[in-house]
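Printed here is data_16.pdb (PDB, C-alpha atoms and all ligand atoms):
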ATOM      1  CA  MET A 267      37.219  98.217  11.371  1.00  0.00           C
ATOM      2  CA  ARG A 268      36.001  98.622  14.986  1.00  0.00           C
ATOM      3  CA  ARG A 269      38.602 101.028  16.295  1.00  0.00           C
ATOM      4  CA  LEU A 270      40.457 104.050  14.890  1.00  0.00           C
ATOM      5  CA  VAL A 271      43.361 105.973  16.425  1.00  0.00           C
ATOM      6  CA  ILE A 272      43.377 109.715  15.827  1.00  0.00           C
ATOM      7  CA  ALA A 273      47.086 110.381  15.468  1.00  0.00           C
ATOM      8  CA  THR A 274      47.653 113.933  16.620  1.00  0.00           C
ATOM      9  CA  HIS A 275      49.296 115.558  19.623  1.00  0.00           C
ATOM     10  CA  ASN A 276      47.155 118.680  19.132  1.00  0.00           C
ATOM     11  CA  SER A 277      44.178 118.208  21.494  1.00  0.00           C
ATOM     12  CA  LYS A 278      42.022 120.817  19.740  1.00  0.00           C
ATOM     13  CA  LYS A 279      42.571 119.174  16.381  1.00  0.00           C
ATOM     14  CA  ALA A 280      41.844 115.767  17.949  1.00  0.00           C
ATOM     15  CA  ARG A 281      38.570 117.122  19.349  1.00  0.00           C
ATOM     16  CA  GLU A 282      37.502 118.348  15.899  1.00  0.00           C
ATOM     17  CA  MET A 283      38.340 114.991  14.288  1.00  0.00           C
ATOM     18  CA  HIS A 284      36.513 113.187  17.086  1.00  0.00           C
ATOM     19  CA  GLN A 285      33.387 115.370  16.717  1.00  0.00           C
ATOM     20  CA  ILE A 286      33.234 114.936  12.942  1.00  0.00           C
ATOM     21  CA  LEU A 287      33.852 111.167  12.835  1.00  0.00           C
ATOM     22  CA  GLY A 288      31.950 110.380  16.051  1.00  0.00           C
ATOM     23  CA  THR A 289      28.797 111.974  14.640  1.00  0.00           C
ATOM     24  CA  ARG A 290      29.009 109.883  11.483  1.00  0.00           C
ATOM     25  CA  PHE A 291      30.077 106.602  13.170  1.00  0.00           C
ATOM     26  CA  PRO A 292      28.626 106.430  16.688  1.00  0.00           C
ATOM     27  CA  GLY A 293      29.627 102.735  16.995  1.00  0.00           C
ATOM     28  CA  LEU A 294      33.275 103.253  16.064  1.00  0.00           C
ATOM     29  CA  GLU A 295      35.725 103.314  18.979  1.00  0.00           C
ATOM     30  CA  LEU A 296      37.765 106.480  18.520  1.00  0.00           C
ATOM     31  CA  LEU A 297      41.044 106.639  20.421  1.00  0.00           C
ATOM     32  CA  THR A 298      43.798 109.242  20.430  1.00  0.00           C
ATOM     33  CA  LEU A 299      47.525 109.023  21.094  1.00  0.00           C
ATOM     34  CA  ALA A 300      46.753 110.089  24.679  1.00  0.00           C
ATOM     35  CA  ASP A 301      45.333 106.560  25.090  1.00  0.00           C
ATOM     36  CA  TYR A 302      48.760 105.118  24.225  1.00  0.00           C
ATOM     37  CA  PRO A 303      51.343 106.274  26.759  1.00  0.00           C
ATOM     38  CA  GLY A 304      54.784 106.369  25.165  1.00  0.00           C
ATOM     39  CA  ALA A 305      53.445 106.862  21.640  1.00  0.00           C
ATOM     40  CA  PRO A 306      56.224 108.594  19.725  1.00  0.00           C
ATOM     41  CA  GLU A 307      55.797 112.097  18.302  1.00  0.00           C
ATOM     42  CA  PRO A 308      57.598 111.605  14.983  1.00  0.00           C
ATOM     43  CA  GLU A 309      59.475 114.528  13.497  1.00  0.00           C
ATOM     44  CA  GLU A 310      57.566 116.129  10.655  1.00  0.00           C
ATOM     45  CA  THR A 311      60.526 115.940   8.290  1.00  0.00           C
ATOM     46  CA  GLY A 312      58.496 116.025   5.058  1.00  0.00           C
ATOM     47  CA  ASP A 313      58.372 119.166   2.977  1.00  0.00           C
ATOM     48  CA  THR A 314      54.792 118.520   1.923  1.00  0.00           C
ATOM     49  CA  TYR A 315      51.597 118.161   3.948  1.00  0.00           C
ATOM     50  CA  GLU A 316      51.050 114.767   2.359  1.00  0.00           C
ATOM     51  CA  ALA A 317      54.451 113.447   3.454  1.00  0.00           C
ATOM     52  CA  ASN A 318      53.924 114.676   7.027  1.00  0.00           C
ATOM     53  CA  ALA A 319      50.405 113.241   7.266  1.00  0.00           C
ATOM     54  CA  ILE A 320      51.780 109.863   6.118  1.00  0.00           C
ATOM     55  CA  ILE A 321      54.670 110.013   8.630  1.00  0.00           C
ATOM     56  CA  LYS A 322      52.245 110.684  11.517  1.00  0.00           C
ATOM     57  CA  ALA A 323      49.629 108.097  10.477  1.00  0.00           C
ATOM     58  CA  GLU A 324      52.137 105.311   9.774  1.00  0.00           C
ATOM     59  CA  SER A 325      54.019 105.953  13.025  1.00  0.00           C
ATOM     60  CA  ALA A 326      50.774 105.648  15.022  1.00  0.00           C
ATOM     61  CA  ALA A 327      49.641 102.563  13.088  1.00  0.00           C
ATOM     62  CA  GLN A 328      52.978 100.837  13.719  1.00  0.00           C
ATOM     63  CA  PHE A 329      52.978 101.726  17.423  1.00  0.00           C
ATOM     64  CA  THR A 330      49.357 100.776  18.138  1.00  0.00           C
ATOM     65  CA  GLY A 331      48.809  98.000  15.579  1.00  0.00           C
ATOM     66  CA  GLU A 332      45.478  99.701  14.741  1.00  0.00           C
ATOM     67  CA  TRP A 333      44.030 101.780  11.912  1.00  0.00           C
ATOM     68  CA  ALA A 334      45.337 105.326  12.393  1.00  0.00           C
ATOM     69  CA  LEU A 335      44.286 108.666  10.911  1.00  0.00           C
ATOM     70  CA  ALA A 336      46.556 111.724  10.861  1.00  0.00           C
ATOM     71  CA  ASP A 337      46.071 115.175   9.410  1.00  0.00           C
ATOM     72  CA  ASP A 338      48.621 117.735   8.388  1.00  0.00           C
ATOM     73  CA  ALA A 339      47.268 121.205   7.765  1.00  0.00           C
ATOM     74  CA  GLY A 340      48.489 124.723   7.205  1.00  0.00           C
ATOM     75  CA  LEU A 341      47.490 128.268   6.342  1.00  0.00           C
ATOM     76  CA  GLU A 342      48.622 129.659   2.973  1.00  0.00           C
ATOM     77  CA  ILE A 343      48.628 133.442   2.575  1.00  0.00           C
ATOM     78  CA  ASP A 344      48.966 134.796  -0.982  1.00  0.00           C
ATOM     79  CA  ALA A 345      50.704 137.984   0.168  1.00  0.00           C
ATOM     80  CA  LEU A 346      53.273 135.980   2.195  1.00  0.00           C
ATOM     81  CA  PRO A 347      54.278 133.263  -0.280  1.00  0.00           C
ATOM     82  CA  GLY A 348      56.234 130.361   1.221  1.00  0.00           C
ATOM     83  CA  GLU A 349      56.159 131.761   4.769  1.00  0.00           C
ATOM     84  CA  LEU A 350      53.491 129.564   6.369  1.00  0.00           C
ATOM     85  CA  GLY A 351      51.977 126.604   4.507  1.00  0.00           C
ATOM     86  CA  VAL A 352      53.631 123.352   5.622  1.00  0.00           C
ATOM     87  CA  TYR A 353      55.595 125.414   8.150  1.00  0.00           C
ATOM     88  CA  SER A 354      52.536 127.164   9.675  1.00  0.00           C
ATOM     89  CA  LYS A 355      53.261 125.877  13.174  1.00  0.00           C
ATOM     90  CA  ARG A 356      56.819 127.214  13.037  1.00  0.00           C
ATOM     91  CA  PHE A 357      55.949 130.689  11.671  1.00  0.00           C
ATOM     92  CA  ALA A 358      57.734 133.365  13.759  1.00  0.00           C
ATOM     93  CA  GLY A 359      59.338 130.582  15.839  1.00  0.00           C
ATOM     94  CA  GLU A 360      58.021 127.272  17.195  1.00  0.00           C
ATOM     95  CA  ASP A 361      57.590 128.625  20.739  1.00  0.00           C
ATOM     96  CA  THR A 362      55.738 131.804  19.763  1.00  0.00           C
ATOM     97  CA  SER A 363      52.068 131.866  20.806  1.00  0.00           C
ATOM     98  CA  PHE A 364      49.338 131.944  18.176  1.00  0.00           C
ATOM     99  CA  ALA A 365      48.317 135.384  19.438  1.00  0.00           C
ATOM    100  CA  GLU A 366      51.831 136.618  18.624  1.00  0.00           C
ATOM    101  CA  LYS A 367      51.976 134.804  15.274  1.00  0.00           C
ATOM    102  CA  MET A 368      48.680 136.452  14.278  1.00  0.00           C
ATOM    103  CA  VAL A 369      49.927 139.895  15.341  1.00  0.00           C
ATOM    104  CA  ARG A 370      52.982 139.376  13.104  1.00  0.00           C
ATOM    105  CA  ILE A 371      50.867 138.300  10.141  1.00  0.00           C
ATOM    106  CA  LEU A 372      48.531 141.293  10.503  1.00  0.00           C
ATOM    107  CA  ALA A 373      51.538 143.637  10.766  1.00  0.00           C
ATOM    108  CA  ASN A 374      53.042 142.112   7.591  1.00  0.00           C
ATOM    109  CA  LEU A 375      49.750 142.660   5.790  1.00  0.00           C
ATOM    110  CA  GLU A 376      49.165 146.209   6.980  1.00  0.00           C
ATOM    111  CA  GLY A 377      47.926 148.334   4.066  1.00  0.00           C
ATOM    112  CA  VAL A 378      47.391 145.287   1.828  1.00  0.00           C
ATOM    113  CA  PRO A 379      43.930 145.746   0.235  1.00  0.00           C
ATOM    114  CA  GLU A 380      41.179 143.160   0.685  1.00  0.00           C
ATOM    115  CA  ALA A 381      41.500 141.798  -2.847  1.00  0.00           C
ATOM    116  CA  GLN A 382      45.123 140.857  -2.139  1.00  0.00           C
ATOM    117  CA  ARG A 383      44.500 139.242   1.256  1.00  0.00           C
ATOM    118  CA  GLY A 384      43.544 135.850  -0.217  1.00  0.00           C
ATOM    119  CA  ALA A 385      44.335 132.803   1.934  1.00  0.00           C
ATOM    120  CA  ARG A 386      43.363 129.182   2.367  1.00  0.00           C
ATOM    121  CA  PHE A 387      43.606 126.360   4.848  1.00  0.00           C
ATOM    122  CA  ARG A 388      44.847 123.191   3.236  1.00  0.00           C
ATOM    123  CA  CYS A 389      44.520 119.814   4.919  1.00  0.00           C
ATOM    124  CA  PHE A 390      45.859 116.375   4.000  1.00  0.00           C
ATOM    125  CA  VAL A 391      44.679 113.272   5.853  1.00  0.00           C
ATOM    126  CA  ALA A 392      46.434 109.889   5.789  1.00  0.00           C
ATOM    127  CA  LEU A 393      44.755 106.617   6.794  1.00  0.00           C
ATOM    128  CA  ALA A 394      47.261 103.904   7.706  1.00  0.00           C
ATOM    129  CA  HIS A 395      47.332 100.318   8.971  1.00  0.00           C
ATOM    130  CA  PRO A 396      50.427  98.179   9.570  1.00  0.00           C
ATOM    131  CA  GLU A 397      49.371  95.681   6.917  1.00  0.00           C
ATOM    132  CA  THR A 398      47.924  97.834   4.141  1.00  0.00           C
ATOM    133  CA  GLU A 399      48.941 100.639   1.824  1.00  0.00           C
ATOM    134  CA  THR A 400      48.286 104.121   3.221  1.00  0.00           C
ATOM    135  CA  SER A 401      45.485 106.194   1.628  1.00  0.00           C
ATOM    136  CA  VAL A 402      45.624 109.990   1.379  1.00  0.00           C
ATOM    137  CA  PHE A 403      42.811 112.560   1.055  1.00  0.00           C
ATOM    138  CA  SER A 404      42.893 116.363   0.861  1.00  0.00           C
ATOM    139  CA  ALA A 405      40.717 119.485   0.889  1.00  0.00           C
ATOM    140  CA  THR A 406      41.006 123.272   1.101  1.00  0.00           C
ATOM    141  CA  CYS A 407      38.939 126.120   2.511  1.00  0.00           C
ATOM    142  CA  GLU A 408      39.287 129.514   0.793  1.00  0.00           C
ATOM    143  CA  GLY A 409      39.097 132.830   2.626  1.00  0.00           C
ATOM    144  CA  ARG A 410      40.929 136.072   3.344  1.00  0.00           C
ATOM    145  CA  ILE A 411      43.131 137.381   6.126  1.00  0.00           C
ATOM    146  CA  ALA A 412      40.965 139.625   8.341  1.00  0.00           C
ATOM    147  CA  GLU A 413      41.967 143.161   9.363  1.00  0.00           C
ATOM    148  CA  GLU A 414      41.886 142.103  13.024  1.00  0.00           C
ATOM    149  CA  PRO A 415      41.351 138.900  15.033  1.00  0.00           C
ATOM    150  CA  SER A 416      37.810 137.948  16.031  1.00  0.00           C
ATOM    151  CA  GLY A 417      36.147 135.020  17.783  1.00  0.00           C
ATOM    152  CA  ALA A 418      37.035 132.432  20.401  1.00  0.00           C
ATOM    153  CA  GLY A 419      36.085 129.222  18.595  1.00  0.00           C
ATOM    154  CA  GLY A 420      38.292 126.769  16.721  1.00  0.00           C
ATOM    155  CA  PHE A 421      42.049 127.031  17.274  1.00  0.00           C
ATOM    156  CA  GLY A 422      45.322 128.158  15.720  1.00  0.00           C
ATOM    157  CA  TYR A 423      44.876 130.804  13.033  1.00  0.00           C
ATOM    158  CA  ASP A 424      41.051 130.683  13.004  1.00  0.00           C
ATOM    159  CA  PRO A 425      40.586 134.216  14.512  1.00  0.00           C
ATOM    160  CA  ILE A 426      42.232 135.901  11.485  1.00  0.00           C
ATOM    161  CA  PHE A 427      40.713 133.683   8.786  1.00  0.00           C
ATOM    162  CA  TRP A 428      37.884 135.729   7.249  1.00  0.00           C
ATOM    163  CA  LEU A 429      35.068 133.974   5.395  1.00  0.00           C
ATOM    164  CA  PRO A 430      33.666 136.547   2.932  1.00  0.00           C
ATOM    165  CA  GLU A 431      30.438 134.627   2.191  1.00  0.00           C
ATOM    166  CA  LEU A 432      29.623 134.374   5.902  1.00  0.00           C
ATOM    167  CA  GLY A 433      30.920 137.817   6.927  1.00  0.00           C
ATOM    168  CA  CYS A 434      32.828 136.471   9.945  1.00  0.00           C
ATOM    169  CA  THR A 435      36.026 134.654  10.881  1.00  0.00           C
ATOM    170  CA  MET A 436      36.417 130.911  11.315  1.00  0.00           C
ATOM    171  CA  ALA A 437      36.722 131.482  15.079  1.00  0.00           C
ATOM    172  CA  ASP A 438      33.310 133.233  15.128  1.00  0.00           C
ATOM    173  CA  LEU A 439      31.636 129.979  14.059  1.00  0.00           C
ATOM    174  CA  THR A 440      30.319 127.219  16.322  1.00  0.00           C
ATOM    175  CA  ALA A 441      32.134 123.881  16.031  1.00  0.00           C
ATOM    176  CA  GLU A 442      29.322 122.471  13.872  1.00  0.00           C
ATOM    177  CA  GLN A 443      29.375 125.514  11.576  1.00  0.00           C
ATOM    178  CA  LYS A 444      33.164 125.249  11.214  1.00  0.00           C
ATOM    179  CA  HIS A 445      33.008 121.531  10.363  1.00  0.00           C
ATOM    180  CA  ALA A 446      30.360 122.206   7.683  1.00  0.00           C
ATOM    181  CA  ILE A 447      32.708 124.411   5.666  1.00  0.00           C
ATOM    182  CA  SER A 448      36.268 123.835   6.891  1.00  0.00           C
ATOM    183  CA  HIS A 449      39.176 122.076   5.184  1.00  0.00           C
ATOM    184  CA  ARG A 450      39.073 119.417   7.955  1.00  0.00           C
ATOM    185  CA  GLY A 451      35.301 118.984   7.734  1.00  0.00           C
ATOM    186  CA  LYS A 452      35.470 118.554   3.962  1.00  0.00           C
ATOM    187  CA  VAL A 453      38.371 116.126   3.917  1.00  0.00           C
ATOM    188  CA  LEU A 454      36.926 114.047   6.754  1.00  0.00           C
ATOM    189  CA  ALA A 455      33.589 113.803   4.911  1.00  0.00           C
ATOM    190  CA  GLU A 456      35.526 112.147   2.100  1.00  0.00           C
ATOM    191  CA  VAL A 457      37.459 109.946   4.544  1.00  0.00           C
ATOM    192  CA  ALA A 458      34.160 108.966   6.186  1.00  0.00           C
ATOM    193  CA  ASP A 459      32.730 107.819   2.837  1.00  0.00           C
ATOM    194  CA  HIS A 460      35.818 105.628   2.476  1.00  0.00           C
ATOM    195  CA  LEU A 461      35.557 104.304   6.064  1.00  0.00           C
ATOM    196  CA  ALA A 462      31.876 103.479   5.496  1.00  0.00           C
ATOM    197  CA  THR A 463      32.991 100.789   3.066  1.00  0.00           C
ATOM    198  CA  MET A 464      35.235  99.228   5.733  1.00  0.00           C
ATOM    199  CA  ILE A 465      33.036  99.297   8.845  1.00  0.00           C
TER     200      ILE A 465
HETATM  201  P1  LIG B   1      49.871 117.354  14.922  1.00  0.00           P
HETATM  202  O1  LIG B   1      50.999 117.445  13.948  1.00  0.00           O
HETATM  203  O2  LIG B   1      50.234 116.670  16.220  1.00  0.00           O
HETATM  204  O3  LIG B   1      48.625 116.761  14.315  1.00  0.00           O
HETATM  205  P2  LIG B   1      50.008 120.254  14.830  1.00  0.00           P
HETATM  206  O4  LIG B   1      49.476 121.315  15.702  1.00  0.00           O
HETATM  207  O5  LIG B   1      51.498 120.144  14.649  1.00  0.00           O
HETATM  208  O6  LIG B   1      49.424 118.849  15.334  1.00  0.00           O
HETATM  209  P3  LIG B   1      49.770 120.677  11.919  1.00  0.00           P
HETATM  210  O7  LIG B   1      51.235 120.520  11.774  1.00  0.00           O
HETATM  211  O8  LIG B   1      48.876 119.883  11.019  1.00  0.00           O
HETATM  212  O9  LIG B   1      49.289 120.400  13.439  1.00  0.00           O
HETATM  213  O10 LIG B   1      49.285 122.162  11.710  1.00  0.00           O
HETATM  214  C1  LIG B   1      50.147 123.257  11.683  1.00  0.00           C
HETATM  215  C2  LIG B   1      49.448 124.436  12.234  1.00  0.00           C
HETATM  216  O11 LIG B   1      48.411 124.863  11.331  1.00  0.00           O
HETATM  217  C3  LIG B   1      48.710 124.151  13.520  1.00  0.00           C
HETATM  218  O12 LIG B   1      49.570 124.252  14.633  1.00  0.00           O
HETATM  219  C4  LIG B   1      47.663 125.238  13.515  1.00  0.00           C
HETATM  220  O13 LIG B   1      48.177 126.385  14.000  1.00  0.00           O
HETATM  221  C5  LIG B   1      47.375 125.467  12.059  1.00  0.00           C
HETATM  222  N1  LIG B   1      46.090 124.860  11.820  1.00  0.00           N
HETATM  223  C6  LIG B   1      45.824 123.583  11.428  1.00  0.00           C
HETATM  224  N2  LIG B   1      44.513 123.398  11.328  1.00  0.00           N
HETATM  225  C7  LIG B   1      43.919 124.558  11.663  1.00  0.00           C
HETATM  226  C8  LIG B   1      42.577 124.983  11.762  1.00  0.00           C
HETATM  227  O14 LIG B   1      41.578 124.169  11.503  1.00  0.00           O
HETATM  228  N3  LIG B   1      42.360 126.231  12.132  1.00  0.00           N
HETATM  229  C9  LIG B   1      43.361 127.078  12.415  1.00  0.00           C
HETATM  230  N4  LIG B   1      44.645 126.767  12.369  1.00  0.00           N
HETATM  231  C10 LIG B   1      44.933 125.499  11.988  1.00  0.00           C
END
Let's see the structure in the file written out as structure tokens.
Amino acid sequence: MRRLVIATHNSKKAREMHQILGTRFPGLELLTLADYPGAPEPEETGDTYEANAIIKAESAAQFTGEWALADDAGLEIDALPGELGVYSKRFAGEDTSFAEKMVRILANLEGVPEAQRGARFRCFVALAHPETETSVFSATCEGRIAEEPSGAGGFGYDPIFWLPELGCTMADLTAEQKHAISHRGKVLAEVADHLATMI
């Protein structure tokens, strides 16, 4: 494998995937869907992360003819069962900003004690090629929902994702610190071990 397409339309997620894989494989040509004008944005019709990751990776592999890597992630909040998860992007409406989504989550959790504010990011990654069977990898990152947003790093729900062992939110971390402990960092470390056998 000489070239890998990062199959996401989320530029911040693409940057994270690029940083993590580029550090490990400096000789690998990493492209994104932005390099393929007209690349379709398939509907995420699956009701699992795994199904959606496969849909995105296989669509990109078919369109580009290359190896393609897609990730589907979400935030699971114990006190709000079934409300985010696979549907994290659509929480409180697809067009609502993340600032607004986070305000809604914090309002829903008002008065909920720390011990009941458990949450995790879950991430599934699919690696596809037009001529081979798709492989799937997954990882989680455990934390809590903070009392208030903090930090400007990362993206999405990172400002309200509290990391008790570090005493800060995911958005308070540098990119390198996030990748060392995050769901995406962990799953891509596993993917990288797999890619190392193919490069
Ligand atoms: P693609 O499907 O094009 O890859 P997306 O933004 O739709 O991009 P997902 O469906 O995988 O991505 O993720 C759903 C939401 O979960 C995403 O919009 C983010 O808000 C949130 N999310 C995913 N990874 C995150 C992370 O590392 N930190 C914070 N929020 C994250």
Can you build me a table of chain A residues sitting at most 6 Å from ligand LIG 1 (chain B), with the closest atom pair per residue and its distance in Å to one decimal, using only C-alpha atoms and all ligand atoms, sorted by chain and residue number, as CSV?
residue,atom,partner,partner_atom,distance
A:Thr274,CA,B:LIG1,O3,3.8
A:His275,CA,B:LIG1,O2,3.7
A:Asn276,CA,B:LIG1,O6,4.4
A:Asp337,CA,B:LIG1,O8,5.7
A:Asp338,CA,B:LIG1,O8,3.4
A:Ala339,CA,B:LIG1,O8,3.9
A:Gly340,CA,B:LIG1,O11,4.1
A:Ser354,CA,B:LIG1,C2,4.9
A:Lys355,CA,B:LIG1,C2,4.2
A:Phe421,CA,B:LIG1,C9,5.0
A:Gly422,CA,B:LIG1,N4,3.7
A:Tyr423,CA,B:LIG1,C9,4.1
A:Asp424,CA,B:LIG1,C9,4.3
For this session: Have a look at A:Gly409, A:Pro347, A:Gly288, A:Gly417 and name the one nearest to A:Gly384; count only C-alpha atoms.
Result: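 Residue with the minimum atom-to-atom distance to A:Gly384: A:Gly409.
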Exercise. Got a sec to resolve the PyMOL selection byres (((chain A and resi 392-408) around 10) and not hetatm) on this structure and send the residues as a PyMOL selection string?
Worked result: chain A and resi 270-273+315-342+384-391+409-410+427-430+447-457+460-461
For this session: Using all atoms listed in the file, find all polymer residues with an atom at most 12 Å away from the point (53.7, 130.1, 13.7); report them as number ranges by chain.
Result: A: 340-342, 349-371, 422-423
For this session: Run the PyMOL selection byres (((chain A and resi 282) around 10) and not hetatm) on the file and write out the hits as number ranges by chain.
Result: A: 277-281, 283-288, 420-421, 441-442, 444-445, 450-451
For this session: Calculate how many Å separate atom CA of A:Gln382 from atom CA of A:Leu346, rounding to one decimal.
Result: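 The value is 10.4 Å.
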For this session: Could you tell me how far atom CA of A:Gln443 lies from atom CA of A:Leu372, in Å and to one decimal?
Result: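 We find that atom CA of A:Gln443 and atom CA of A:Leu372 lie 24.8 Å from each other.
Atom pair atom CA of A:Gly433 / atom CA of A:Asp344: separated by 19.9 Å.
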Centre and edge lengths, as AutoDock Vina command-line options, for the axis-aligned box enclosing every listed atom of stretch 372-381 of chain A with 6 Å of padding on each of the six sides, in Å to one decimal?
--center_x 47.1 --center_y 144.8 --center_z 4.0 --size_x 23.9 --size_y 19.0 --size_z 25.6
Problem set entry | Protein, DNA and RNA residues within 7 Å of (34.6, 133.8, 14.1), all atoms listed in the file, as a list in words | Ser416, Gly417, Ala418, Gly419, Pro425, Cys434, Thr435, Met436, Ala437, Asp438 and Leu439 of chain A
Problem set entry | Resolved residues for the PyMOL selection byres (((chain A and resi 297) around 8) and not hetatm) as a PyMOL selection string | chain A and resi 269-272+295-296+298-301
Selection above as a file: C-alpha atoms, as a tab-separated table (two decimals), in the coordinates of the input:
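Saved result, part-v4.tsv, follows:
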chain	number	residue	atom	x	y	z
A	269	ARG	CA	38.60	101.03	16.30
A	270	LEU	CA	40.46	104.05	14.89
A	271	VAL	CA	43.36	105.97	16.42
A	272	ILE	CA	43.38	109.72	15.83
A	295	GLU	CA	35.72	103.31	18.98
A	296	LEU	CA	37.76	106.48	18.52
A	298	THR	CA	43.80	109.24	20.43
A	299	LEU	CA	47.52	109.02	21.09
A	300	ALA	CA	46.75	110.09	24.68
A	301	ASP	CA	45.33	106.56	25.09
